[in-house]
Amino acid sequence: MILCTCEKPSVAKDIAKVLGANKYQNGYYEGNGYLVTWAVGHLVTLCYPEDYDENLKKWSFDTLPIIPKQFKTKVIDDVKDQYHIVEKLIQRDDIEYIVNCGDAGREGEYIQRLIYQQAKNHHPVKRLWLSSFTSGEIRKAFQNLLDSSEKDNLYEEAKARAQADWLVGLNLTRLFTLRHGDVIRVGRVQTPTLKLIVDLDNKIDHFKPEPFYEVYADFKEGFQAKWIHEKQSRFTKREDAEKIINKCDGKSGKITKLETKEKSTERPLLYSLDTLQKDANRIYGYGAAEVLDIAQSLYETQKLITYPRTDSNYLSSEMKHLVPGYIDMISTIDQYKTASEQLSEQGLTINSRMINDSKISDHHAIIVTENIKNHDLSKLSVREKNILHLIITRMLCAVAKPFRYNETSLEAVVEDETFVSKTKQIIDLGYQQVEVDLLGKTLPKDMELFHVTNGQSVSIDSMNIADKQTTPPKPFTEGTLIDAMKNLKKYIDSDNLKNAVSDRGLGTVATRAGIIEKLLQMKVVEKVKRGKVPYLHATALGHQIIQLLPDSISSPEMTAEWEAKLSEIESGKIKPEMFMKNIQLYVQKCVSDYGSVDKDNQIASQKKKYPEKEVIGKCPICGAPVYENSKSFYCSDYKNCKFSLWKENNYFKAIGFKLTKAHAKKLLKDQKTLAKNLKSKKGNSYDAWICVEWTTPYPKFTMEFD
C-alpha cells in the first residue's frame, strides 16, 4: 500500500478521486493500492514550558531564559482523534512508502514532518509538489514524485523559524510582562511590524506643514512653464518667489531647449501573493488575510488558479510555450474575449519580464489553470470573482506591449532665469488599454503640443505664485504595510541601515497577513475606516508597548537580518544550528539586561502616554472625525481632505485669542465661540464671539458683539 498524507480533508478527497481510492473509511480513503488521509492543519505542535517542567508554568525572572536542550512536540488536544487515525496508518507494516501531499511550501512541509516524527515513521517518504489542483496536474505530479530529501532544507528553515519564534516570543513576553506589570506580548516579527506602524503614526502626529512657493509663467506663445534652478523649483520664502516675478514678468527670452524623446512604461509583472494583496486592498479594500483566504479557495476548492503563497512574479522557461494557450483559454470568457483576442492579433509579448527561471524558488507567479475554460464563473462569490478578475487582468497586461509615448521637454530662459515645461503624446497605450477596459482606469490623454521652435524668442504674458505646503506621510493600509514588510529599506532613514536590510524583509509572503491579523486581534493595532480602504493605526496600548520595549527588541533591522539567515538555511548556505545559537544568545542577553522590575514604568500604575484619540467634532468639509495634535485640530481623513484648524494664526495673535479644545468644539459644532478678555490695540479688554466660515483652503474668521 502507498499512504498519502494531505493537509486538509478537501485536498485528500481530490487526490483520492484521481488515484482511484474511492472507498471512504473513518478518517481516510482506500482503494487501488492507496490510502489517502489528512491532517486538519497542524496536528502536532511544540511543547509548552510546563510540558518540560511543571514549575515553569509560573512566570518568574528566576526561570528565564527557558531554552530546551532539545525541543519536544506533542499532539494538539483538539485534533487528537484524527492524529491517532493518521498515526495508526503510518505504523502499518504493509506501507511501501508514504507520499507527503502537504501544501507545497515551508508550512506544509513542517506540518507533515512533525506528524511523521511524532508517529515514529520508519517508511520511505516521497514528496508530491503541486502548483495547481487540477486533475491533470495531480496525475502529472504523481508521475514525478520527489525524494523527500530534496525538501530537507525547506523543512530545516521552517523548523528553525518555529523554534526561534518560540524562544523569542515566549521568553521575551514573560520577561517584559514581569518587568512592567501587565501582559506585553513580544513576537520575533510582530513586534518590529508594530514598531513600523507606531513610527509612522508618530511622524504623522508630529508633522508640521511647511509652506513653499512655486513660480509659473504664462508665455504669449501659448504655453505655461515653471521656474527651476539646479533641479529645485521651490522657494521657502514668498518674497524670494516675488523677486523672480519682479525680475521676469513681461520680459522676453528665448527657447534654449526643445527636444522630443520616445519613452515607455513597462507592463506590470504577474502577481505574487504580496502584490495581489496590495492591489486587492487598494482596489477593493480587502484585508491581506482575506485576500489569502479567497486565493486559497480559488486554488484549492475552485481549482481555478495556481498556488497562491508564492513570492515570485515570473514563469519558468518550460512554461513559455504554454502562455498563448492560457490567453486562448481566457478568451473563451465573454468578459475578456475582446481584450484577449486583440492582444493575440497584435502579437503577445513573452520575454524576460515574464519568463525568468532565476526569479523562481518553489513556485511561479499566480496564474489561472486550465479549468478556467469550463468553469461556471457565475457560481463564484463576489469576492472570488473580484480576485480572479485581478489575476486574469494582470495576465493580459503581462503579455501586452509597454505604454509608449513621446515626451517633449522645453526650456525657456528669461533674464537668466530658467522655466521648464513638458508635454506627452501617446504612441501606443499598450497594457494601459487593458487596464482601461477591465479595471476602469482613466484613459491617459495627449497633452497640448508646443507651437514654438528651438532658439525662438518668447515673451512672458503673466506670472503667478502657487502657495503650497508640505503634506504628512500617508498612514499604512494593509496593502502598503505588506509592501513595507517586504521592502523594509523604503521605511528606514539611515543609509547604513538601508544597506543592512537591502533585499530583506519582515516575515515571508505566506506569514505577513497572519502577522497583521494577530496585531489586530491583540488590539495593539486598529483599522480606521476612511473611504473604501481602511488605514492601520497603533492603539494606545501599541504605542505604549513600543515605548517600553528597548530598540533591540523592536528593531525591524534585526528581524530582517534573521529573515535573511532563515533564507540561507533554505538555500543550504548556512546550518540551522548556527542560526539557533545566535537566537539563544540574543534571548540570554535580553534576560541579563532586563531581568528585573522597572518600577518607573509599571503599566498598571502609570497613565497612558498615548491616550486614545478624542474626537473633537466633525470635519466641516467632509464630515470625518476631527482630532487634535500639538499644532492643530485636523481632519482624520487627511489623505483626501486638507482641513486643519490651526491653534495659532495671525488673526488669533492679533486679538490675543488662544484657541482651546473647548473653543474648537464650539466652532466645529456652532461655527462660533465666546472669547473673553481679548485685548484691543490700546490694551483694553473685551469679550466677543469668534465666528468662522469654513472656506478652503483656509477658514475665515470674524467677530460679533452682543
# chains A, B, ... in the order shown; residues from 1 in each chain; ligands from 1

$ residues_around --residues "Ser636 in chain A" --least-positions-apart "4" --cutoff "7 Å" --atoms "only C-alpha atoms" --output "list in words"
Ala624, Pro625, Val626 and Tyr627 of chain A

$ closest_residue --among "A:Gln544, A:Gln190, A:Gln117, A:Ser10" --to "Ala560 in chain A" --atoms "only C-alpha atoms"
A:Gln190

$ select_by_dssp --residues "range 276-441 of chain A" --states "alpha helix (DSSP H)" --output "JSON, numbers by chain"
{"A": [276, 277, 278, 279, 280, 281, 282, 283, 284, 288, 289, 290, 291, 292, 293, 294, 295, 296, 297, 298, 299, 300, 323, 324, 325, 326, 327, 328, 329, 330, 331, 334, 335, 336, 337, 338, 339, 340, 341, 342, 343, 344, 345, 346, 382, 383, 384, 385, 386, 387, 388, 389, 390, 391, 392, 393, 394, 395, 396, 397, 398, 431, 432, 433, 434, 435, 436, 437, 438, 439]}

$ closest_residue --among "A:Cys641, A:Ala12, A:Val125, A:Val458" --to "Ala217 in chain A" --atoms "only C-alpha atoms"
A:Val458
